[in-house]
$ cat target_18.txt   # compact mmCIF, C-alpha atoms and all ligand atoms
# COMPACT_ATOMS: atom_id res chain seq x y z
CA MET A 1 -3.26 33.76 -12.14
CA THR A 2 -0.47 31.69 -13.75
CA LYS A 3 0.76 28.97 -11.44
CA ILE A 4 4.36 29.29 -10.25
CA ASN A 5 6.26 26.00 -10.13
CA ALA A 6 9.69 25.38 -8.65
CA ALA A 7 12.08 24.08 -11.28
CA ILE A 8 15.60 22.75 -10.97
CA THR A 9 17.66 25.18 -13.06
CA ALA A 10 21.17 23.94 -12.19
CA VAL A 11 22.72 20.87 -10.61
CA SER A 12 26.22 19.85 -9.57
CA HIS A 13 28.08 17.43 -7.35
CA HIS A 14 31.41 16.71 -5.77
CA VAL A 15 32.96 13.57 -4.32
CA PRO A 16 36.29 13.28 -2.47
CA ASP A 17 39.29 11.89 -4.37
CA TYR A 18 40.07 8.92 -2.13
CA VAL A 19 38.63 5.66 -3.50
CA LEU A 20 37.91 2.91 -0.95
CA SER A 21 37.59 -0.27 -3.00
CA ASN A 22 36.02 -3.59 -2.02
CA LYS A 23 39.51 -5.09 -2.24
CA GLU A 24 40.74 -2.65 0.43
CA LEU A 25 37.74 -3.48 2.64
CA GLU A 26 38.72 -7.15 2.40
CA LYS A 27 41.78 -6.18 4.45
CA LEU A 28 39.70 -4.42 7.13
CA VAL A 29 36.78 -6.79 7.74
CA ASP A 30 35.67 -10.33 7.01
CA THR A 31 34.24 -9.75 3.53
CA THR A 32 34.90 -10.31 -0.15
CA ASP A 33 34.53 -8.23 -3.28
CA GLU A 34 32.20 -10.95 -4.58
CA TRP A 35 29.88 -10.78 -1.51
CA ILE A 36 29.65 -7.00 -1.57
CA THR A 37 29.07 -6.89 -5.33
CA THR A 38 26.34 -9.54 -5.40
CA ARG A 39 24.55 -8.41 -2.20
CA THR A 40 24.71 -4.62 -2.83
CA GLY A 41 26.04 -3.76 -6.30
CA ILE A 42 28.82 -1.63 -4.76
CA LYS A 43 32.41 -1.83 -6.05
CA GLU A 44 33.93 1.26 -4.45
CA ARG A 45 33.05 4.41 -2.50
CA ARG A 46 34.70 7.81 -1.89
CA ILE A 47 36.07 8.88 1.49
CA LEU A 48 37.01 12.36 2.71
CA LYS A 49 40.40 12.11 4.40
CA GLY A 50 42.16 14.64 6.59
CA GLU A 51 41.83 16.34 9.96
CA ASP A 52 38.99 18.75 10.63
CA GLN A 53 37.34 18.10 7.26
CA GLY A 54 33.57 18.09 7.61
CA VAL A 55 30.72 17.57 5.19
CA THR A 56 30.65 21.28 4.26
CA GLU A 57 34.10 20.87 2.67
CA ILE A 58 32.55 18.50 0.09
CA ALA A 59 29.35 20.54 -0.23
CA LYS A 60 31.28 23.78 -0.72
CA VAL A 61 32.88 22.48 -3.91
CA ALA A 62 29.52 21.26 -5.27
CA VAL A 63 27.92 24.67 -4.56
CA GLU A 64 30.78 26.64 -6.14
CA LYS A 65 30.53 24.51 -9.30
CA LEU A 66 26.76 25.05 -9.39
CA LEU A 67 27.02 28.83 -9.10
CA GLN A 68 29.62 28.91 -11.84
CA LYS A 69 27.48 26.76 -14.14
CA ARG A 70 24.42 28.94 -13.58
CA GLY A 71 26.50 32.10 -13.96
CA ILE A 72 25.32 33.72 -10.74
CA GLY A 73 27.07 35.06 -7.66
CA PRO A 74 26.75 33.57 -4.15
CA GLU A 75 24.99 36.71 -2.89
CA GLU A 76 22.05 35.95 -5.23
CA ILE A 77 21.01 32.87 -3.23
CA ASP A 78 17.98 33.53 -0.97
CA LEU A 79 17.79 30.29 1.00
CA VAL A 80 20.04 27.28 1.66
CA ILE A 81 18.51 23.97 2.79
CA PHE A 82 21.28 21.58 3.80
CA CYS A 83 20.04 17.97 3.95
CA THR A 84 22.40 15.81 5.98
CA VAL A 85 22.76 13.36 8.87
CA THR A 86 26.43 14.23 9.32
CA PRO A 87 26.54 18.00 9.89
CA ASP A 88 29.93 19.56 10.64
CA LYS A 89 28.66 20.28 14.15
CA ILE A 90 25.40 19.78 16.06
CA PHE A 91 25.11 23.55 15.80
CA PRO A 92 25.37 25.91 14.05
CA ALA A 93 23.69 24.44 11.01
CA SER A 94 25.90 23.28 8.17
CA ALA A 95 23.74 25.52 5.97
CA ASN A 96 25.20 28.51 7.82
CA ILE A 97 28.74 27.15 7.66
CA VAL A 98 28.65 26.46 3.92
CA SER A 99 27.01 29.86 3.33
CA ARG A 100 29.95 31.53 5.06
CA LYS A 101 32.51 29.44 3.16
CA VAL A 102 30.95 30.17 -0.24
CA GLY A 103 29.92 33.79 0.47
CA MET A 104 26.14 33.32 0.30
CA ASN A 105 25.84 36.25 2.66
CA LYS A 106 22.27 37.28 1.79
CA ALA A 107 20.82 33.81 2.31
CA PHE A 108 19.16 32.37 5.37
CA GLY A 109 19.54 28.64 5.85
CA TYR A 110 18.87 25.60 7.93
CA ASP A 111 19.65 21.88 8.08
CA LEU A 112 17.10 19.20 7.38
CA ASN A 113 17.41 15.67 8.71
CA ALA A 114 15.24 12.97 7.18
CA ALA A 115 18.10 10.46 6.86
CA CYS A 116 18.38 8.98 3.34
CA SER A 117 15.11 10.64 2.26
CA GLY A 118 16.44 14.05 3.30
CA PHE A 119 17.13 15.35 -0.18
CA ILE A 120 13.60 14.77 -1.47
CA TYR A 121 12.14 16.21 1.75
CA GLY A 122 14.41 19.24 1.19
CA LEU A 123 13.42 19.55 -2.45
CA VAL A 124 9.72 19.55 -1.59
CA THR A 125 10.22 21.98 1.32
CA GLY A 126 12.33 24.31 -0.82
CA SER A 127 9.79 24.24 -3.64
CA LYS A 128 7.14 25.73 -1.34
CA PHE A 129 9.21 28.89 -0.80
CA ILE A 130 9.32 29.29 -4.59
CA GLU A 131 5.69 28.36 -5.33
CA THR A 132 4.39 30.94 -2.84
CA GLY A 133 6.43 33.63 -4.55
CA SER A 134 8.43 34.32 -1.36
CA TYR A 135 11.88 33.58 -2.79
CA LYS A 136 13.51 33.28 -6.20
CA LYS A 137 16.65 31.22 -5.66
CA VAL A 138 16.61 28.28 -3.25
CA LEU A 139 19.65 26.03 -2.99
CA VAL A 140 19.00 22.46 -1.84
CA ILE A 141 22.14 20.56 -0.86
CA GLY A 142 22.21 16.81 -0.17
CA ALA A 143 25.52 15.84 1.39
CA ASP A 144 27.00 13.42 3.87
CA LYS A 145 30.35 12.38 5.25
CA MET A 146 29.17 8.92 6.26
CA SER A 147 32.75 7.83 6.96
CA SER A 148 32.54 10.00 10.12
CA ILE A 149 29.87 7.71 11.66
CA VAL A 150 30.77 4.34 10.17
CA ASP A 151 32.53 1.63 12.17
CA TYR A 152 35.22 0.19 9.90
CA SER A 153 35.23 -3.03 11.91
CA ASP A 154 31.51 -3.71 11.23
CA GLN A 155 31.29 -5.83 8.09
CA SER A 156 27.61 -5.11 7.48
CA THR A 157 27.69 -1.29 7.52
CA CYS A 158 31.19 -0.21 6.45
CA ILE A 159 30.77 -1.78 3.03
CA ILE A 160 27.71 0.28 2.16
CA PHE A 161 28.40 3.91 2.91
CA GLY A 162 30.49 6.59 1.21
CA ASP A 163 30.96 10.37 1.23
CA GLY A 164 29.61 12.81 -1.35
CA ALA A 165 27.56 15.92 -2.07
CA GLY A 166 25.12 17.15 -4.66
CA ALA A 167 23.27 20.44 -4.99
CA VAL A 168 20.37 21.79 -7.03
CA LEU A 169 19.08 25.31 -7.56
CA LEU A 170 15.32 25.87 -7.51
CA GLU A 171 13.87 28.86 -9.37
CA PRO A 172 10.35 29.87 -10.36
CA THR A 173 8.85 28.95 -13.72
CA THR A 174 5.42 29.54 -15.24
CA GLU A 175 6.04 27.15 -18.15
CA GLY A 176 4.60 24.12 -16.37
CA MET A 177 8.04 22.55 -15.79
CA GLY A 178 9.54 21.66 -12.40
CA LEU A 179 7.96 19.90 -9.44
CA GLN A 180 4.55 18.46 -10.25
CA ASP A 181 3.73 16.19 -7.31
CA SER A 182 5.25 14.58 -4.24
CA ILE A 183 4.47 11.98 -1.60
CA LEU A 184 6.40 12.11 1.69
CA ARG A 185 5.91 9.56 4.44
CA SER A 186 7.48 8.53 7.75
CA ASP A 187 7.06 5.89 10.45
CA GLY A 188 8.80 6.42 13.80
CA SER A 189 8.72 2.72 14.63
CA GLY A 190 11.70 2.42 12.28
CA GLU A 191 14.02 4.03 14.85
CA ALA A 192 14.92 0.69 16.40
CA PHE A 193 16.40 -0.66 13.17
CA LEU A 194 18.52 2.24 11.92
CA HIS A 195 19.99 4.89 14.21
CA GLN A 196 23.02 6.36 15.94
CA LYS A 197 22.64 5.76 19.67
CA ALA A 198 24.80 8.48 21.19
CA GLY A 199 25.91 12.04 20.64
CA GLY A 200 22.47 13.60 20.88
CA SER A 201 20.69 15.05 23.93
CA GLU A 202 19.30 11.67 25.02
CA ARG A 203 22.73 10.11 25.37
CA PRO A 204 25.53 12.70 25.19
CA ALA A 205 29.09 11.60 24.49
CA SER A 206 30.84 9.95 27.42
CA GLU A 207 33.61 7.42 27.97
CA GLY A 208 30.89 4.77 28.13
CA THR A 209 29.31 5.73 24.79
CA LEU A 210 32.74 5.68 23.17
CA ALA A 211 33.63 2.31 24.67
CA ARG A 212 30.32 0.82 23.51
CA LYS A 213 30.84 2.28 19.99
CA GLU A 214 27.55 4.14 20.19
CA HIS A 215 28.60 6.97 17.91
CA TYR A 216 28.40 4.76 14.85
CA VAL A 217 25.52 3.79 12.55
CA HIS A 218 23.51 0.93 13.99
CA GLN A 219 21.60 -0.92 11.28
CA GLU A 220 19.58 -4.11 11.35
CA GLY A 221 20.10 -4.62 7.66
CA LYS A 222 17.58 -7.35 6.89
CA THR A 223 14.64 -5.48 8.47
CA VAL A 224 15.62 -2.20 6.83
CA PHE A 225 16.00 -4.00 3.52
CA LYS A 226 12.48 -5.48 3.73
CA PHE A 227 10.88 -2.11 4.51
CA ALA A 228 12.96 -0.32 1.88
CA VAL A 229 12.01 -2.74 -0.89
CA SER A 230 8.30 -2.58 -0.16
CA LYS A 231 7.96 1.15 0.68
CA MET A 232 10.18 2.58 -2.05
CA ALA A 233 8.49 0.44 -4.72
CA GLU A 234 5.01 1.22 -3.36
CA VAL A 235 5.44 5.01 -3.26
CA SER A 236 7.11 5.12 -6.69
CA TYR A 237 4.20 3.20 -8.20
CA GLU A 238 1.66 5.35 -6.35
CA ILE A 239 3.07 8.60 -7.73
CA LEU A 240 2.84 7.20 -11.27
CA GLU A 241 -0.72 6.06 -10.74
CA ARG A 242 -2.07 9.26 -9.25
CA ASN A 243 -0.53 11.32 -12.07
CA ALA A 244 -1.89 8.91 -14.71
CA LEU A 245 1.65 8.13 -15.92
CA THR A 246 2.71 4.82 -17.45
CA ALA A 247 6.25 3.49 -17.56
CA ASP A 248 6.46 4.75 -21.17
CA ASP A 249 5.83 8.32 -20.00
CA VAL A 250 8.79 8.24 -17.60
CA ALA A 251 12.18 9.32 -18.96
CA TRP A 252 14.17 8.51 -15.81
CA LEU A 253 13.85 7.03 -12.35
CA VAL A 254 16.34 8.55 -9.89
CA PRO A 255 16.36 6.16 -6.94
CA HIS A 256 18.21 6.55 -3.66
CA GLN A 257 21.30 4.33 -3.98
CA ALA A 258 21.23 2.06 -0.90
CA ASN A 259 21.34 -1.38 -2.50
CA LEU A 260 21.07 -2.41 -6.16
CA ARG A 261 18.47 -5.01 -5.20
CA ILE A 262 16.22 -2.27 -3.72
CA ILE A 263 16.65 -0.20 -6.89
CA ASP A 264 15.75 -3.21 -9.07
CA ALA A 265 12.64 -3.98 -6.99
CA THR A 266 11.51 -0.36 -7.40
CA SER A 267 12.03 -0.18 -11.15
CA ASN A 268 10.37 -3.60 -11.62
CA ARG A 269 7.29 -2.48 -9.68
CA MET A 270 7.09 0.59 -11.95
CA GLY A 271 7.55 -1.57 -15.06
CA LEU A 272 10.62 0.43 -16.09
CA ASN A 273 13.49 -0.85 -18.19
CA LYS A 274 16.91 -0.73 -16.54
CA ASP A 275 18.11 1.77 -19.16
CA LYS A 276 15.78 4.40 -17.66
CA VAL A 277 17.21 4.05 -14.16
CA MET A 278 20.11 6.17 -12.90
CA ILE A 279 22.55 3.89 -11.11
CA ASN A 280 25.97 4.86 -9.77
CA ILE A 281 25.96 2.84 -6.54
CA ASP A 282 28.82 0.76 -7.97
CA ARG A 283 31.11 3.83 -7.81
CA TYR A 284 29.91 5.72 -4.74
CA GLY A 285 27.97 3.33 -2.48
CA ASN A 286 25.31 4.95 -0.31
CA THR A 287 26.13 8.64 0.22
CA THR A 288 22.81 9.07 2.12
CA ASN A 289 21.60 12.60 1.24
CA GLY A 290 24.02 12.81 -1.68
CA THR A 291 22.74 9.96 -3.84
CA ILE A 292 19.89 11.62 -5.76
CA PRO A 293 21.48 15.00 -6.57
CA ILE A 294 24.76 13.26 -7.52
CA CYS A 295 22.81 11.09 -9.99
CA LEU A 296 20.99 14.11 -11.44
CA SER A 297 24.30 15.89 -11.87
CA GLU A 298 26.03 12.93 -13.52
CA TRP A 299 23.09 12.38 -15.92
CA GLU A 300 22.45 16.11 -16.58
CA ASN A 301 23.67 15.94 -20.17
CA LYS A 302 21.10 13.27 -20.99
CA LEU A 303 18.13 15.21 -19.60
CA HIS A 304 15.81 17.21 -21.84
CA LYS A 305 13.24 19.88 -21.21
CA GLY A 306 9.89 18.28 -20.43
CA ASP A 307 11.33 14.87 -19.43
CA ASN A 308 9.19 13.20 -16.75
CA ILE A 309 11.46 12.24 -13.88
CA ILE A 310 10.62 10.31 -10.73
CA LEU A 311 12.84 10.61 -7.65
CA SER A 312 12.36 8.11 -4.86
CA ALA A 313 14.02 7.34 -1.56
CA PHE A 314 13.83 5.33 1.65
CA GLY A 315 15.84 5.85 4.81
CA GLY A 316 16.21 5.90 8.57
CA GLY A 317 13.29 7.06 10.64
CA PHE A 318 11.80 5.36 8.72
CA THR A 319 11.27 8.02 6.06
CA TRP A 320 10.38 7.55 2.42
CA GLY A 321 8.81 9.31 -0.50
CA ALA A 322 8.72 10.13 -4.19
CA VAL A 323 8.77 13.28 -6.30
CA TYR A 324 7.48 13.73 -9.84
CA LEU A 325 9.10 16.55 -11.78
CA LYS A 326 9.39 17.78 -15.34
CA TRP A 327 12.98 18.63 -16.23
CA ALA A 328 13.23 22.33 -17.09
CA TYR A 329 16.16 22.67 -19.51
CA ASP A 330 18.01 21.00 -22.36
CA PRO A 331 21.66 19.91 -22.21
CA SER A 332 24.03 22.81 -22.86
O1 LIG A 401 19.96 3.88 2.93
C1 LIG A 401 19.33 3.68 4.15
C2 LIG A 401 18.59 2.43 4.22
N1 LIG A 401 19.50 1.29 4.25
C3 LIG A 401 19.28 0.27 3.43
O2 LIG A 401 18.40 0.35 2.60
C4 LIG A 401 20.13 -0.97 3.61
C5 LIG A 401 19.25 -2.19 3.54
N2 LIG A 401 19.97 -3.44 3.89
C6 LIG A 401 20.85 -4.00 3.05
O3 LIG A 401 21.17 -3.48 2.01
C7 LIG A 401 21.36 -5.36 3.44
O4 LIG A 401 20.66 -5.82 4.55
C8 LIG A 401 22.90 -5.41 3.75
C9 LIG A 401 23.68 -5.22 2.47
C10 LIG A 401 23.25 -4.32 4.73
C11 LIG A 401 23.27 -6.74 4.34
O5 LIG A 401 22.89 -7.78 3.48
P1 LIG A 401 22.03 -9.01 4.01
O6 LIG A 401 21.92 -9.93 2.89
O7 LIG A 401 20.77 -8.49 4.60
O8 LIG A 401 22.98 -9.63 5.10
P2 LIG A 401 22.77 -9.89 6.66
O9 LIG A 401 23.19 -8.68 7.43
O10 LIG A 401 21.42 -10.43 6.96
O11 LIG A 401 23.76 -11.06 6.89
C12 LIG A 401 23.64 -12.30 6.17
C13 LIG A 401 24.95 -13.04 6.30
C14 LIG A 401 25.44 -13.16 7.74
O12 LIG A 401 26.09 -14.42 7.86
P3 LIG A 401 25.31 -15.67 8.52
O13 LIG A 401 24.90 -15.21 9.90
O14 LIG A 401 24.13 -15.90 7.63
O15 LIG A 401 26.34 -16.74 8.50
C15 LIG A 401 26.45 -12.05 7.85
O16 LIG A 401 27.44 -12.32 8.80
O17 LIG A 401 25.96 -12.34 5.58
C16 LIG A 401 27.05 -12.05 6.46
N3 LIG A 401 27.58 -10.75 6.10
C17 LIG A 401 28.66 -10.61 5.32
N4 LIG A 401 29.45 -11.49 4.72
C18 LIG A 401 30.46 -11.00 3.98
C19 LIG A 401 27.11 -9.54 6.46
N5 LIG A 401 27.88 -8.58 5.91
C20 LIG A 401 28.84 -9.23 5.21
C21 LIG A 401 29.93 -8.78 4.43
N6 LIG A 401 30.71 -9.70 3.83
N7 LIG A 401 30.20 -7.47 4.25
$ encode --input "target_18.txt" --output "C-alpha cells"
Amino acid sequence: MTKINAAITAVSHHVPDYVLSNKELEKLVDTTDEWITTRTGIKERRILKGEDQGVTEIAKVAVEKLLQKRGIGPEEIDLVIFCTVTPDKIFPASANIVSRKVGMNKAFGYDLNAACSGFIYGLVTGSKFIETGSYKKVLVIGADKMSSIVDYSDQSTCIIFGDGAGAVLLEPTTEGMGLQDSILRSDGSGEAFLHQKAGGSERPASEGTLARKEHYVHQEGKTVFKFAVSKMAEVSYEILERNALTADDVAWLVPHQANLRIIDATSNRMGLNKDKVMINIDRYGNTTNGTIPICLSEWENKLHKGDNIILSAFGGGFTWGAVYLKWAYDPS
C-alpha cells in the first residue's frame, strides 16, 4: 500500500498592528535598545491592544487568510489543533472559539499546550490523523497573546515576548512529501524555571495571587537559556544524523525565535550557513507558539517542492523537539 504522508499545503500568519519598540520599552523599564539587541536580537514586537481581545482574534485572521489562499471553505476543515499558552479562556478551548468565529462548523478541535514547542507538537499530532487516513484537512494553529501574561515592569521578560499567530493546513499526499520524521522530548524538572504560578487549579486567582503578581510569566532566564542552547542544538543535529542528512541537504532551518544567540548555537551545531536560517525575531520577538508558522508563512515564496526543512523548538516544561519535512509545493 502507498504510504500516506501529511503535507503542509497552505500557510498563513497574522500579527497585530501595534509595534512596541525597544525605544518605547526604555521608558517602561530599566533597559536600553543596545542591551536588548545584543542580548536577544529583538528590535520590536507586536502587541494586541483593546478590551476583550483574546488570542483567537489574531488567529482568526490568520485562518481566514489561509482558507482564502487554499481556495476552500471553512466547513471543509475536519480538525483544528490550537497550540497556545494564552487561550482566550481556560475553557472552552480556543480551537472551539476560533472555529465558531471562522465558521469551521464541521470540525472538531482542541487546544494543545507544550509552551514554546507547542506548534511542533501540534504538527506531529495533527499529522497522525492524516497518516492513518482518518481525516483529510487538519488545521494546526500556533498563536499567543503573550502580552496578556507579561509583566511590563519586569525588565527580563517584557523585552522578549510579543503577540502573533500562524496557521498551516495538513493534507494527505502519496508523493513522498510532507512530514518525514520527528523527535519530541520533555522534562518536567523544567517547571521551576519557566511557569505562570497562578490562575490554574493549583492556585486559583485571588487577591493574594494578584498582589504577588503570580499571573505573569516567571522565567529564570539564565537557566532556561542554558537548557535551550544545548537541547535545541542537540535535537536538531540528531534529526539530521538519523535521516542521513548533511547541512548541504537542508534548504532551511526554521527555529523557534526565543533568542538570536540560541538560534545561532543551533545553526552552528548543524553546520548551517546563516542564509539558510529563517530569522524574524528582530521584528516580532518571541511569539511562543506563533514563531515557527509565522516564519514559514513569511518565507513561503522562497520554498520549493522537495526542499528539506528542519523545524526545531525549545520551551517551558521543559519541552523541545525537531521535525524534518519535505516542502510540498512551489511558490505560486
Ligand atoms: O521561549 C521559551 C524559552 N525562553 C528562552 O529561551 C529565553 C532564554 N533566556 C534568555 O534569552 C536570556 O536569559 C534573557 C534574554 C531572558 C536574559 O539575558 P541574560 O543575559 O541571561 O540576563 P540575566 O537575566 O542573567 O541578567 C544579567 C544582567 C543582570 O544584571 P546584573 O545582576 O548582572 O547586574 C540583569 O539585571 O542583565 C540585567 N538585565 C538587563 N539589563 C538591561 C536583565 N534584563 C535586562 C534588560 N535590560 N532588559
$ closest_atom_pairs --input "target_18.txt" --of "chain A" --to "ligand LIG 401 (chain A)" --cutoff "9 Å" --atoms "only C-alpha atoms and all ligand atoms" --output "Markdown table"
| residue | atom | partner | partner_atom | distance |
| --- | --- | --- | --- | --- |
| A:Leu25 | CA | A:LIG401 | N7 | 8.7 |
| A:Glu26 | CA | A:LIG401 | N6 | 8.5 |
| A:Val29 | CA | A:LIG401 | N7 | 7.5 |
| A:Asp30 | CA | A:LIG401 | N6 | 5.9 |
| A:Thr31 | CA | A:LIG401 | N6 | 3.5 |
| A:Thr32 | CA | A:LIG401 | N6 | 5.8 |
| A:Asp33 | CA | A:LIG401 | N6 | 8.2 |
| A:Glu34 | CA | A:LIG401 | N6 | 8.6 |
| A:Trp35 | CA | A:LIG401 | N6 | 5.5 |
| A:Ile36 | CA | A:LIG401 | N7 | 5.9 |
| A:Arg39 | CA | A:LIG401 | C9 | 5.7 |
| A:Thr40 | CA | A:LIG401 | C9 | 5.4 |
| A:Ala115 | CA | A:LIG401 | C1 | 7.4 |
| A:Cys116 | CA | A:LIG401 | O1 | 5.4 |
| A:Ser117 | CA | A:LIG401 | O1 | 8.3 |
| A:Asp154 | CA | A:LIG401 | N7 | 8.0 |
| A:Gln155 | CA | A:LIG401 | N7 | 4.3 |
| A:Ser156 | CA | A:LIG401 | N5 | 3.8 |
| A:Thr157 | CA | A:LIG401 | C10 | 6.1 |
| A:Cys158 | CA | A:LIG401 | N7 | 7.7 |
| A:Ile159 | CA | A:LIG401 | N7 | 5.8 |
| A:Ile160 | CA | A:LIG401 | C9 | 6.8 |
| A:Phe161 | CA | A:LIG401 | O1 | 8.4 |
| A:Leu194 | CA | A:LIG401 | C2 | 7.7 |
| A:Gln219 | CA | A:LIG401 | C10 | 7.6 |
| A:Glu220 | CA | A:LIG401 | O9 | 7.0 |
| A:Gly221 | CA | A:LIG401 | O4 | 3.4 |
| A:Lys222 | CA | A:LIG401 | O7 | 4.1 |
| A:Thr223 | CA | A:LIG401 | O4 | 7.2 |
| A:Val224 | CA | A:LIG401 | C5 | 4.9 |
| A:Phe225 | CA | A:LIG401 | C5 | 3.7 |
| A:Lys226 | CA | A:LIG401 | C5 | 7.5 |
| A:Phe227 | CA | A:LIG401 | O2 | 8.1 |
| A:Ala228 | CA | A:LIG401 | O2 | 5.5 |
| A:Val229 | CA | A:LIG401 | O2 | 7.9 |
| A:His256 | CA | A:LIG401 | O1 | 7.3 |
| A:Gln257 | CA | A:LIG401 | O1 | 7.1 |
| A:Ala258 | CA | A:LIG401 | O1 | 4.4 |
| A:Asn259 | CA | A:LIG401 | O3 | 5.0 |
| A:Leu260 | CA | A:LIG401 | O3 | 8.2 |
| A:Arg261 | CA | A:LIG401 | O3 | 7.8 |
| A:Ile262 | CA | A:LIG401 | O2 | 7.2 |
| A:Asn286 | CA | A:LIG401 | O1 | 6.3 |
| A:Thr287 | CA | A:LIG401 | O1 | 8.3 |
| A:Thr288 | CA | A:LIG401 | O1 | 6.0 |
| A:Ala313 | CA | A:LIG401 | O1 | 8.2 |
| A:Phe314 | CA | A:LIG401 | C2 | 6.1 |
| A:Gly315 | CA | A:LIG401 | C1 | 4.2 |
| A:Gly316 | CA | A:LIG401 | C1 | 5.8 |
| A:Phe318 | CA | A:LIG401 | C2 | 8.7 |
$ closest_residue --input "target_18.txt" --among "A:Glu24, A:Glu171, A:Asp187, A:Glu131" --to "Lys231 in chain A" --atoms "only C-alpha atoms"
A:Asp187
$ residues_around --input "target_18.txt" --residues "Ala6 in chain A" --least-positions-apart "5" --cutoff "9 Å" --atoms "all atoms listed in the file" --output "list of chain:residue names"
A:Gly126, A:Ser127, A:Lys128, A:Phe129, A:Ile130, A:Glu131, A:Leu170, A:Glu171, A:Pro172, A:Thr173, A:Thr174, A:Met177, A:Gly178, A:Leu179, A:Gln180
$ residues_around --input "target_18.txt" --residues "range 207-216 of chain A" --least-positions-apart "5" --cutoff "7 Å" --atoms "only C-alpha atoms" --output "JSON, numbers by chain"
{"A": [149, 150, 151, 196, 197, 198, 199]}
$ closest_residue --input "target_18.txt" --among "A:Asn22, A:Thr9, A:Ser147, A:Thr2" --to "Pro331 in chain A" --atoms "all atoms listed in the file"
A:Thr9
$ closest_residue --input "target_18.txt" --among "A:Trp299, A:Tyr135, A:Phe119, A:Phe108" --to "Val85 in chain A" --atoms "all atoms listed in the file"
A:Phe119
$ decode --input "target_18.txt" --residues "range 254-294 of chain A" --atoms "C-alpha atoms" --output "tab-separated table (two decimals), in the first residue's frame"
chain	number	residue	atom	x	y	z
A	254	VAL	CA	13.02	27.10	11.00
A	255	PRO	CA	13.97	27.65	14.63
A	256	HIS	CA	11.74	28.83	17.46
A	257	GLN	CA	12.54	32.52	17.90
A	258	ALA	CA	13.39	32.94	21.61
A	259	ASN	CA	16.84	34.49	21.43
A	260	LEU	CA	19.14	35.07	18.45
A	261	ARG	CA	22.01	33.51	20.41
A	262	ILE	CA	20.01	30.25	20.82
A	263	ILE	CA	19.23	30.25	17.08
A	264	ASP	CA	22.93	30.80	16.24
A	265	ALA	CA	24.03	27.97	18.55
A	266	THR	CA	21.54	25.63	16.84
A	267	SER	CA	22.55	26.50	13.28
A	268	ASN	CA	26.26	26.29	14.20
A	269	ARG	CA	25.80	22.80	15.68
A	270	MET	CA	24.09	21.75	12.41
A	271	GLY	CA	26.87	23.34	10.35
A	272	LEU	CA	24.35	25.56	8.53
A	273	ASN	CA	25.09	28.93	6.98
A	274	LYS	CA	23.07	31.84	8.35
A	275	ASP	CA	21.44	32.33	4.94
A	276	LYS	CA	19.56	29.03	5.40
A	277	VAL	CA	18.04	30.07	8.72
A	278	MET	CA	14.67	31.81	8.99
A	279	ILE	CA	15.01	34.69	11.44
A	280	ASN	CA	12.38	37.33	12.20
A	281	ILE	CA	12.94	37.68	15.95
A	282	ASP	CA	14.12	41.26	15.32
A	283	ARG	CA	10.56	42.21	14.23
A	284	TYR	CA	8.31	40.04	16.40
A	285	GLY	CA	10.27	38.87	19.45
A	286	ASN	CA	9.14	35.56	20.93
A	287	THR	CA	5.51	34.90	19.99
A	288	THR	CA	5.74	31.45	21.70
A	289	ASN	CA	3.52	29.14	19.58
A	290	GLY	CA	3.46	31.63	16.73
A	291	THR	CA	7.15	31.76	15.85
A	292	ILE	CA	7.55	28.75	13.54
A	293	PRO	CA	4.36	29.07	11.45
A	294	ILE	CA	4.91	32.84	11.13
